[in-house]
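start31.cif, holding mmCIF, C-alpha atoms:
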data_entry
#
loop_
_atom_site.group_PDB
_atom_site.id
_atom_site.type_symbol
_atom_site.label_atom_id
_atom_site.label_comp_id
_atom_site.auth_asym_id
_atom_site.auth_seq_id
_atom_site.Cartn_x
_atom_site.Cartn_y
_atom_site.Cartn_z
ATOM 1 C CA MET R 1021 -18.528 4.560 31.122
ATOM 2 C CA ARG R 1022 -18.746 6.648 27.936
ATOM 3 C CA SER R 1023 -21.141 9.617 28.111
ATOM 4 C CA MET R 1024 -24.397 9.649 26.175
ATOM 5 C CA GLY R 1025 -23.129 12.688 24.241
ATOM 6 C CA LYS R 1026 -20.149 10.703 22.990
ATOM 7 C CA GLU R 1027 -22.337 7.733 22.113
ATOM 8 C CA ILE R 1028 -24.692 9.845 20.023
ATOM 9 C CA ARG R 1029 -21.891 11.688 18.228
ATOM 10 C CA LEU R 1030 -19.988 8.471 17.513
ATOM 11 C CA ARG R 1031 -23.035 7.228 15.602
ATOM 12 C CA HIS R 1032 -22.441 10.135 13.203
ATOM 13 C CA ILE R 1033 -18.884 8.880 12.580
ATOM 14 C CA PHE R 1034 -19.338 5.118 12.427
ATOM 15 C CA ARG R 1035 -21.658 3.571 9.859
ATOM 16 C CA GLU R 1036 -22.427 0.027 8.797
ATOM 17 C CA ARG R 1037 -21.068 -2.601 11.184
ATOM 18 C CA ASP R 1038 -19.631 0.166 13.380
ATOM 19 C CA ARG R 1039 -17.033 1.085 10.800
ATOM 20 C CA ALA R 1040 -15.742 4.440 9.594
ATOM 21 C CA VAL R 1041 -14.240 5.907 6.434
ATOM 22 C CA LEU R 1042 -12.647 9.239 7.274
ATOM 23 C CA VAL R 1043 -11.108 11.552 4.692
ATOM 24 C CA ALA R 1044 -8.409 13.681 6.307
ATOM 25 C CA MET R 1045 -8.081 17.173 4.841
ATOM 26 C CA ASP R 1046 -6.015 18.910 7.512
ATOM 27 C CA HIS R 1047 -2.898 19.159 5.320
ATOM 28 C CA GLY R 1048 -3.207 22.845 4.414
ATOM 29 C CA VAL R 1049 -1.657 24.131 7.624
ATOM 30 C CA SER R 1050 1.271 21.750 7.517
ATOM 31 C CA ALA R 1051 1.990 21.756 3.778
ATOM 32 C CA GLY R 1052 -0.124 24.450 2.099
ATOM 33 C CA PRO R 1053 -2.716 24.052 -0.685
ATOM 34 C CA ILE R 1054 -1.371 20.746 -1.971
ATOM 35 C CA GLU R 1055 -2.750 18.977 -5.026
ATOM 36 C CA GLY R 1056 -6.314 17.858 -4.458
ATOM 37 C CA LEU R 1057 -7.053 20.438 -1.768
ATOM 38 C CA GLU R 1058 -6.860 23.645 -3.783
ATOM 39 C CA ASP R 1059 -10.673 23.803 -3.806
ATOM 40 C CA ILE R 1060 -11.840 22.559 -0.419
ATOM 41 C CA ARG R 1061 -15.490 22.723 -1.436
ATOM 42 C CA LYS R 1062 -14.910 20.280 -4.274
ATOM 43 C CA SER R 1063 -12.741 18.036 -2.097
ATOM 44 C CA VAL R 1064 -15.374 17.733 0.618
ATOM 45 C CA ALA R 1065 -18.150 17.237 -1.944
ATOM 46 C CA ASN R 1066 -16.162 14.370 -3.502
ATOM 47 C CA ALA R 1067 -15.656 12.714 -0.117
ATOM 48 C CA ALA R 1068 -19.364 12.940 0.652
ATOM 49 C CA LYS R 1069 -20.295 11.472 -2.747
ATOM 50 C CA GLY R 1070 -17.776 8.688 -2.214
ATOM 51 C CA GLY R 1071 -19.367 7.520 1.021
ATOM 52 C CA ALA R 1072 -17.039 9.045 3.606
ATOM 53 C CA SER R 1073 -18.565 8.916 7.070
ATOM 54 C CA ALA R 1074 -16.694 12.087 8.072
ATOM 55 C CA VAL R 1075 -14.021 14.548 6.970
ATOM 56 C CA ILE R 1076 -11.251 16.033 9.106
ATOM 57 C CA LEU R 1077 -10.789 19.797 8.763
ATOM 58 C CA HIS R 1078 -9.217 22.778 10.500
ATOM 59 C CA LYS R 1079 -11.641 25.366 11.841
ATOM 60 C CA GLY R 1080 -11.103 28.003 9.166
ATOM 61 C CA LEU R 1081 -12.363 25.746 6.376
ATOM 62 C CA VAL R 1082 -15.635 24.679 7.977
ATOM 63 C CA ARG R 1083 -17.485 27.708 6.568
ATOM 64 C CA PHE R 1084 -16.627 26.582 3.019
ATOM 65 C CA ALA R 1085 -17.304 22.892 3.590
ATOM 66 C CA ALA R 1086 -20.544 23.261 5.558
ATOM 67 C CA PRO R 1087 -22.950 22.892 2.562
ATOM 68 C CA TYR R 1088 -21.552 19.414 1.901
ATOM 69 C CA LEU R 1089 -21.668 18.144 5.484
ATOM 70 C CA GLY R 1090 -24.520 16.465 7.319
ATOM 71 C CA ASN R 1091 -26.836 13.942 5.653
ATOM 72 C CA GLY R 1092 -24.395 11.154 6.425
ATOM 73 C CA THR R 1093 -21.063 12.975 6.303
ATOM 74 C CA GLY R 1094 -19.853 14.149 9.700
ATOM 75 C CA LEU R 1095 -17.286 16.742 10.728
ATOM 76 C CA ILE R 1096 -14.188 16.068 12.808
ATOM 77 C CA LEU R 1097 -12.456 19.308 13.754
ATOM 78 C CA HIS R 1098 -8.675 19.071 13.989
ATOM 79 C CA LEU R 1099 -7.222 20.941 16.971
ATOM 80 C CA SER R 1100 -3.459 20.654 16.514
ATOM 81 C CA ALA R 1101 -0.977 21.858 13.927
ATOM 82 C CA SER R 1102 2.578 22.505 12.817
ATOM 83 C CA THR R 1103 4.135 23.540 9.508
ATOM 84 C CA THR R 1104 6.747 21.872 7.334
ATOM 85 C CA ILE R 1105 8.635 25.164 7.178
ATOM 86 C CA SER R 1106 9.176 25.078 10.944
ATOM 87 C CA THR R 1107 12.338 23.802 12.613
ATOM 88 C CA LYS R 1108 10.017 21.738 14.851
ATOM 89 C CA ARG R 1109 7.729 20.334 12.194
ATOM 90 C CA ASP R 1110 6.876 17.193 14.212
ATOM 91 C CA ARG R 1111 5.942 19.116 17.356
ATOM 92 C CA LYS R 1112 2.209 19.783 17.179
ATOM 93 C CA VAL R 1113 0.585 22.572 19.174
ATOM 94 C CA LEU R 1114 -3.075 23.207 19.945
ATOM 95 C CA VAL R 1115 -4.688 25.838 17.724
ATOM 96 C CA ALA R 1116 -8.319 25.363 18.813
ATOM 97 C CA ASP R 1117 -10.274 23.836 21.686
ATOM 98 C CA VAL R 1118 -13.275 21.599 22.236
ATOM 99 C CA ALA R 1119 -15.693 24.487 22.807
ATOM 100 C CA GLU R 1120 -14.712 25.965 19.417
ATOM 101 C CA ALA R 1121 -15.246 22.581 17.800
ATOM 102 C CA LEU R 1122 -18.772 22.403 19.176
ATOM 103 C CA ALA R 1123 -19.477 25.942 17.978
ATOM 104 C CA HIS R 1124 -18.470 24.804 14.483
ATOM 105 C CA GLY R 1125 -20.880 21.861 14.643
ATOM 106 C CA ALA R 1126 -18.259 19.124 15.008
ATOM 107 C CA ASP R 1127 -19.302 15.540 15.684
ATOM 108 C CA ALA R 1128 -15.831 14.774 17.063
ATOM 109 C CA ILE R 1129 -12.420 16.357 17.429
ATOM 110 C CA SER R 1130 -8.953 15.135 16.547
ATOM 111 C CA VAL R 1131 -5.463 15.838 17.800
ATOM 112 C CA HIS R 1132 -2.150 14.750 16.312
ATOM 113 C CA THR R 1133 0.335 13.314 18.799
ATOM 114 C CA ASN R 1134 3.813 12.286 17.685
ATOM 115 C CA MET R 1135 5.536 10.058 20.226
ATOM 116 C CA GLY R 1136 9.162 9.239 20.763
ATOM 117 C CA GLY R 1137 10.760 12.654 20.380
ATOM 118 C CA ASP R 1138 9.761 16.026 21.826
ATOM 119 C CA ASP R 1139 6.460 14.567 22.914
ATOM 120 C CA ASP R 1140 6.169 16.093 26.405
ATOM 121 C CA VAL R 1141 3.988 19.030 25.317
ATOM 122 C CA MET R 1142 1.957 16.873 22.947
ATOM 123 C CA LEU R 1143 1.255 14.284 25.652
ATOM 124 C CA ALA R 1144 0.216 17.035 28.070
ATOM 125 C CA ASP R 1145 -2.061 18.562 25.422
ATOM 126 C CA LEU R 1146 -3.581 15.148 24.726
ATOM 127 C CA GLY R 1147 -4.350 14.599 28.404
ATOM 128 C CA ALA R 1148 -5.927 18.027 28.789
ATOM 129 C CA THR R 1149 -7.937 17.701 25.587
ATOM 130 C CA SER R 1150 -9.300 14.294 26.575
ATOM 131 C CA ALA R 1151 -10.513 15.806 29.848
ATOM 132 C CA SER R 1152 -12.357 18.530 27.920
ATOM 133 C CA CYS R 1153 -13.860 15.935 25.591
ATOM 134 C CA ASP R 1154 -15.178 14.003 28.585
ATOM 135 C CA ARG R 1155 -16.630 17.185 30.023
ATOM 136 C CA PHE R 1156 -18.470 18.151 26.822
ATOM 137 C CA GLY R 1157 -19.331 14.640 25.633
ATOM 138 C CA VAL R 1158 -17.299 14.877 22.423
ATOM 139 C CA PRO R 1159 -15.442 11.862 20.928
ATOM 140 C CA LEU R 1160 -11.672 12.211 20.669
ATOM 141 C CA LEU R 1161 -9.739 10.861 17.691
ATOM 142 C CA VAL R 1162 -5.987 10.723 18.253
ATOM 143 C CA MET R 1163 -3.637 10.597 15.274
ATOM 144 C CA ALA R 1164 -0.910 8.662 17.059
ATOM 145 C CA TYR R 1165 2.402 8.170 15.298
ATOM 146 C CA PRO R 1166 5.893 7.131 16.413
ATOM 147 C CA ARG R 1167 8.227 9.860 15.167
ATOM 148 C CA SER R 1168 11.588 10.849 16.552
ATOM 149 C CA ALA R 1169 15.248 11.353 15.813
ATOM 150 C CA ASN R 1170 15.890 7.998 17.488
ATOM 151 C CA ALA R 1171 16.480 5.005 15.255
ATOM 152 C CA MET R 1172 12.967 3.625 15.782
ATOM 153 C CA ASP R 1173 11.057 2.042 12.937
ATOM 154 C CA PRO R 1174 7.710 3.935 12.725
ATOM 155 C CA PHE R 1175 6.071 0.848 11.184
ATOM 156 C CA HIS R 1176 7.406 -1.815 13.571
ATOM 157 C CA VAL R 1177 4.621 -3.607 15.382
ATOM 158 C CA ASP R 1178 6.086 -3.076 18.871
ATOM 159 C CA THR R 1179 6.501 0.649 18.311
ATOM 160 C CA VAL R 1180 3.071 1.120 16.762
ATOM 161 C CA LYS R 1181 1.190 -0.893 19.376
ATOM 162 C CA HIS R 1182 2.925 1.086 22.146
ATOM 163 C CA THR R 1183 1.910 4.328 20.467
ATOM 164 C CA VAL R 1184 -1.777 3.448 20.104
ATOM 165 C CA ARG R 1185 -1.966 2.039 23.618
ATOM 166 C CA ALA R 1186 -0.523 5.255 25.041
ATOM 167 C CA ALA R 1187 -3.152 7.266 23.164
ATOM 168 C CA ALA R 1188 -5.951 5.072 24.502
ATOM 169 C CA GLU R 1189 -4.621 5.268 28.069
ATOM 170 C CA LEU R 1190 -4.637 9.075 27.850
ATOM 171 C CA GLY R 1191 -8.282 9.187 26.800
ATOM 172 C CA ALA R 1192 -8.628 8.552 23.049
ATOM 173 C CA ASP R 1193 -11.984 7.182 21.913
ATOM 174 C CA ILE R 1194 -10.556 6.342 18.469
ATOM 175 C CA VAL R 1195 -6.916 6.014 17.378
ATOM 176 C CA GLN R 1196 -5.456 6.209 13.877
ATOM 177 C CA THR R 1197 -1.949 5.028 13.162
ATOM 178 C CA ASN R 1198 0.496 3.489 10.696
ATOM 179 C CA TYR R 1199 -0.117 0.134 9.064
ATOM 180 C CA THR R 1200 2.525 -2.351 10.167
ATOM 181 C CA GLY R 1201 2.778 -4.181 6.845
ATOM 182 C CA SER R 1202 0.650 -7.280 7.315
ATOM 183 C CA PRO R 1203 -2.669 -8.376 8.834
ATOM 184 C CA ASP R 1204 -0.839 -10.569 11.347
ATOM 185 C CA THR R 1205 1.249 -7.738 12.785
ATOM 186 C CA PHE R 1206 -1.566 -5.183 12.660
ATOM 187 C CA ARG R 1207 -3.777 -7.647 14.528
ATOM 188 C CA GLU R 1208 -1.348 -7.280 17.443
ATOM 189 C CA VAL R 1209 -1.846 -3.491 17.331
ATOM 190 C CA VAL R 1210 -5.628 -3.847 17.411
ATOM 191 C CA ARG R 1211 -5.536 -6.495 20.150
ATOM 192 C CA GLY R 1212 -3.464 -4.258 22.422
ATOM 193 C CA CYS R 1213 -5.731 -1.214 22.065
ATOM 194 C CA PRO R 1214 -9.075 -1.113 23.933
ATOM 195 C CA VAL R 1215 -10.623 1.501 21.588
ATOM 196 C CA PRO R 1216 -11.302 1.332 17.815
ATOM 197 C CA VAL R 1217 -8.192 1.560 15.623
ATOM 198 C CA LEU R 1218 -8.176 3.163 12.167
ATOM 199 C CA VAL R 1219 -5.375 2.710 9.657
ATOM 200 C CA ALA R 1220 -3.919 5.912 8.228
ATOM 201 C CA GLY R 1221 -3.285 6.317 4.514
ATOM 202 C CA GLY R 1222 -0.020 8.212 4.797
ATOM 203 C CA PRO R 1223 1.786 9.596 1.706
ATOM 204 C CA LYS R 1224 0.499 8.913 -1.799
ATOM 205 C CA MET R 1225 1.176 5.229 -2.471
ATOM 206 C CA GLU R 1226 2.850 3.772 -5.544
ATOM 207 C CA SER R 1227 -0.380 2.278 -6.875
ATOM 208 C CA ASP R 1228 -4.119 2.171 -6.279
ATOM 209 C CA ARG R 1229 -3.909 -1.552 -5.596
ATOM 210 C CA ALA R 1230 -1.313 -0.931 -2.880
ATOM 211 C CA THR R 1231 -3.719 1.460 -1.151
ATOM 212 C CA LEU R 1232 -6.595 -1.004 -1.363
ATOM 213 C CA GLU R 1233 -4.400 -3.860 -0.111
ATOM 214 C CA VAL R 1234 -3.497 -1.834 2.982
ATOM 215 C CA VAL R 1235 -7.174 -1.137 3.639
ATOM 216 C CA LYS R 1236 -8.120 -4.794 3.195
ATOM 217 C CA GLY R 1237 -5.227 -6.001 5.355
ATOM 218 C CA ALA R 1238 -6.122 -3.611 8.162
ATOM 219 C CA MET R 1239 -9.794 -4.617 8.069
ATOM 220 C CA ASP R 1240 -8.888 -8.316 8.089
ATOM 221 C CA ALA R 1241 -6.796 -7.580 11.189
ATOM 222 C CA GLY R 1242 -9.781 -6.104 13.030
ATOM 223 C CA ALA R 1243 -9.448 -2.392 12.315
ATOM 224 C CA ALA R 1244 -12.586 -0.281 12.673
ATOM 225 C CA GLY R 1245 -11.932 1.607 9.455
ATOM 226 C CA VAL R 1246 -9.578 4.032 7.780
ATOM 227 C CA SER R 1247 -8.482 7.640 7.869
ATOM 228 C CA ILE R 1248 -7.098 8.435 4.422
ATOM 229 C CA GLY R 1249 -6.235 11.753 2.808
ATOM 230 C CA ARG R 1250 -3.886 11.997 -0.177
ATOM 231 C CA ASN R 1251 -4.686 8.530 -1.501
ATOM 232 C CA ILE R 1252 -8.275 9.706 -1.951
ATOM 233 C CA PHE R 1253 -8.269 13.453 -2.655
ATOM 234 C CA GLN R 1254 -5.192 13.271 -4.943
ATOM 235 C CA HIS R 1255 -6.610 10.369 -6.938
ATOM 236 C CA LYS R 1256 -7.642 10.964 -10.556
ATOM 237 C CA ASP R 1257 -11.092 9.680 -9.539
ATOM 238 C CA PRO R 1258 -11.487 10.657 -5.856
ATOM 239 C CA VAL R 1259 -15.168 9.731 -5.698
ATOM 240 C CA GLY R 1260 -14.524 6.305 -7.207
ATOM 241 C CA MET R 1261 -11.519 5.647 -4.966
ATOM 242 C CA CYS R 1262 -13.460 6.633 -1.874
ATOM 243 C CA ARG R 1263 -16.312 4.332 -2.926
ATOM 244 C CA ALA R 1264 -13.911 1.440 -3.468
ATOM 245 C CA ILE R 1265 -12.401 1.919 -0.014
ATOM 246 C CA ALA R 1266 -15.874 2.259 1.499
ATOM 247 C CA ARG R 1267 -16.944 -1.078 0.005
ATOM 248 C CA ILE R 1268 -13.967 -2.815 1.600
ATOM 249 C CA VAL R 1269 -14.575 -1.150 4.965
ATOM 250 C CA TYR R 1270 -18.368 -1.310 5.169
ATOM 251 C CA ASP R 1271 -19.091 -4.464 3.175
ATOM 252 C CA GLY R 1272 -15.924 -6.529 3.519
ATOM 253 C CA ALA R 1273 -15.398 -6.561 -0.260
ATOM 254 C CA ALA R 1274 -12.243 -8.059 -1.738
ATOM 255 C CA VAL R 1275 -9.711 -5.869 -3.529
ATOM 256 C CA ASP R 1276 -10.425 -7.538 -6.860
ATOM 257 C CA ASP R 1277 -14.118 -6.743 -6.420
ATOM 258 C CA VAL R 1278 -13.526 -2.994 -6.227
ATOM 259 C CA TYR R 1279 -10.295 -2.408 -8.179
ATOM 260 C CA ARG R 1280 -11.120 -0.578 -11.424
ATOM 261 C CA TRP R 1281 -8.051 1.388 -12.506
#

Written as structure tokens, that's how I'd like the structure from this file.
Amino acid sequence: MRSMGKEIRLRHIFRERDRAVLVAMDHGVSAGPIEGLEDIRKSVANAAKGGASAVILHKGLVRFAAPYLGNGTGLILHLSASTTISTKRDRKVLVADVAEALAHGADAISVHTNMGGDDDVMLADLGATSASCDRFGVPLLVMAYPRSANAMDPFHVDTVKHTVRAAAELGADIVQTNYTGSPDTFREVVRGCPVPVLVAGGPKMESDRATLEVVKGAMDAGAAGVSIGRNIFQHKDPVGMCRAIARIVYDGAAVDDVYRW
């Protein structure tokens, strides 16, 4: 049974119809001050104005984002990291803990777990972190992705549904993962996972409509929401894009109802 602490904090993350729009902004450690995140204050303010239910940040940026949090926009503190200039860029390590997250005022924490390659340390870290989350009553979001040197397709339904199920079995309260390309296949992912599933935005997509179609397809498949970064904060109108996504997630709007670019 989920603790009362988790229940209360999850209400800060999930809004209308128990759905969430998260804006991930943890890219600075892995890739530096990429376009759209040069000014973290502005980025967080845009997400809040756009209706994001929470933002995902590393601990060092909370002090700059704090004025724009609360009043409907929660904080998810990201605990794991790697850099693209490392020889082990897909091997995430813990750089904070649950107690630190609480000290920073987090409503939830997140960890990134890549499965299928050198995942032994990441799986061990996930198990230990989920135990700490249970102890402190903090919801755990797992960014669960299939990534390895093996010839696996990171978007194949069988691979993705295995990945999210593993995250749930190791203690995730929420899982975000790749979209498998269609509502029918993503429905299999959701059906096989006993906790809410969010679709990740991934790299900047070729068009705004493509982004919105992924969001709509995931929601039609039973997803609990989205966790999108670059396709919001790198948009020419980040507030408008976030609002469009929020209407699909919260209200069930059609793409043609919100598409404006």

Practice problem: Find the spatial neighbours of R:Trp1281, counting all atoms listed in the file, within a cut-off of 10 Å - ignore same-chain residues fewer than 5 positions away - and output them as a VMD selection string. | Solution: chain R and resid 1227 to 1229 1256 to 1257 1260 to 1261

Quiz prompt | Pairwise distance for atom CA of R:Pro1159 and atom CA of R:Val1215, rounded to one decimal in Å | solution =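 One can read the atom CA of R:Pro1159 to atom CA of R:Val1215 distance as 11.4 Å.
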
Practice problem: State, in Å with one decimal place, the distance from atom CA of R:Leu1122 to atom CA of R:Leu1097. | Solution: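 If I compute the distance from atom CA of R:Leu1122 to atom CA of R:Leu1097, I get 8.9 Å.
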
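The nearest approach to R:Pro1087 among the residues R:Val1158, R:Lys1062, R:Leu1114, R:Ser1102, with all atoms listed in the file taken into account, belongs to R:Lys1062.
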
Quick check on the file I pasted: which residues fall under the PyMOL selection byres ((chain R and resi 1093) around 12)? Write them as a compact mmCIF listing (two decimals) with C-alpha atoms, keeping the file's coordinate frame.
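Final output, saved to result_18.txt:
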# COMPACT_ATOMS: atom_id res chain seq x y z
CA ARG R 1031 -23.04 7.23 15.60
CA HIS R 1032 -22.44 10.14 13.20
CA ILE R 1033 -18.88 8.88 12.58
CA PHE R 1034 -19.34 5.12 12.43
CA ARG R 1035 -21.66 3.57 9.86
CA ALA R 1040 -15.74 4.44 9.59
CA VAL R 1041 -14.24 5.91 6.43
CA LEU R 1042 -12.65 9.24 7.27
CA VAL R 1043 -11.11 11.55 4.69
CA VAL R 1064 -15.37 17.73 0.62
CA ALA R 1065 -18.15 17.24 -1.94
CA ASN R 1066 -16.16 14.37 -3.50
CA ALA R 1067 -15.66 12.71 -0.12
CA ALA R 1068 -19.36 12.94 0.65
CA LYS R 1069 -20.30 11.47 -2.75
CA GLY R 1070 -17.78 8.69 -2.21
CA GLY R 1071 -19.37 7.52 1.02
CA ALA R 1072 -17.04 9.04 3.61
CA SER R 1073 -18.57 8.92 7.07
CA ALA R 1074 -16.69 12.09 8.07
CA VAL R 1075 -14.02 14.55 6.97
CA ILE R 1076 -11.25 16.03 9.11
CA ALA R 1085 -17.30 22.89 3.59
CA ALA R 1086 -20.54 23.26 5.56
CA PRO R 1087 -22.95 22.89 2.56
CA TYR R 1088 -21.55 19.41 1.90
CA LEU R 1089 -21.67 18.14 5.48
CA GLY R 1090 -24.52 16.46 7.32
CA ASN R 1091 -26.84 13.94 5.65
CA GLY R 1092 -24.40 11.15 6.42
CA GLY R 1094 -19.85 14.15 9.70
CA LEU R 1095 -17.29 16.74 10.73
CA ILE R 1096 -14.19 16.07 12.81
CA ALA R 1126 -18.26 19.12 15.01
CA ASP R 1127 -19.30 15.54 15.68

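Comparing R:Leu1057, R:Arg1111, R:Thr1205, R:Leu1143 by their smallest distance to R:Pro1258, the closest is R:Leu1057 (using all atoms listed in the file).
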
Practice problem: Return the single residue from R:Ala1274, R:Gln1196, R:Ser1106, R:Ser1050 that is closest to R:Glu1233, with distances computed using all atoms listed in the file. | Solution: R:Ala1274

Quiz item: Do you have the atom CA of R:Arg1083-atom CA of R:Gly1157 distance handy?
Solution: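 Result for atom CA of R:Arg1083 versus atom CA of R:Gly1157: 23.2 Å, one decimal.
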
Exercise. Would you mind telling me which residue in R:Glu1120, R:Arg1167, R:Ala1241, R:Pro1174 lies nearest to R:Pro1203 when using all atoms listed in the file?
Key: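 Among R:Glu1120, R:Arg1167, R:Ala1241, R:Pro1174, it is R:Ala1241 that comes nearest to R:Pro1203.
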
Practice problem: Can you give me, as a PyMOL selection string, the residues this file yields under the PyMOL selection byres ((chain R and resi 1243) around 8)? | Solution: chain R and resi 1210+1216-1219+1238-1242+1244-1246

Quiz prompt | Long-range neighbours of R:Phe1253 as a count of residues only, 7 Å cut-off, all atoms listed in the file, 3 positions minimum in chain | solution = 5

Quiz prompt | Shell around R:Phe1175 at 8 Å using all atoms listed in the file, local window under 6 positions removed, as a PyMOL selection string | solution = chain R and resi 1198-1201

Quiz prompt | Counting all atoms listed in the file, the residue of R:Val1177, R:Ala1044, R:Ile1265, R:Met1172 that sits nearest R:Arg1280 | solution = R:Ile1265

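Residue membership of the PyMOL selection byres ((chain R and resi 1166) around 8) in the shown file amounts to R:Asn1134, R:Met1135, R:Gly1136, R:Ala1164, R:Tyr1165, R:Arg1167, R:Ser1168, R:Met1172, R:Pro1174, R:Thr1179, R:Val1180, R:Thr1183.
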
Quiz item: What would the list of residues within 12 Å of (-6.8, 2.7, 30.8) (file frame) look like as a PyMOL selection string, if all atoms listed in the file are what count?
Solution: chain R and resi 1021+1184-1193+1212-1215

Could you take the residues named above and write them with C-alpha atoms, as a compact mmCIF listing (two decimals), keeping the file's coordinate frame?
# COMPACT_ATOMS: atom_id res chain seq x y z
CA MET R 1021 -18.53 4.56 31.12
CA VAL R 1184 -1.78 3.45 20.10
CA ARG R 1185 -1.97 2.04 23.62
CA ALA R 1186 -0.52 5.26 25.04
CA ALA R 1187 -3.15 7.27 23.16
CA ALA R 1188 -5.95 5.07 24.50
CA GLU R 1189 -4.62 5.27 28.07
CA LEU R 1190 -4.64 9.07 27.85
CA GLY R 1191 -8.28 9.19 26.80
CA ALA R 1192 -8.63 8.55 23.05
CA ASP R 1193 -11.98 7.18 21.91
CA GLY R 1212 -3.46 -4.26 22.42
CA CYS R 1213 -5.73 -1.21 22.06
CA PRO R 1214 -9.07 -1.11 23.93
CA VAL R 1215 -10.62 1.50 21.59
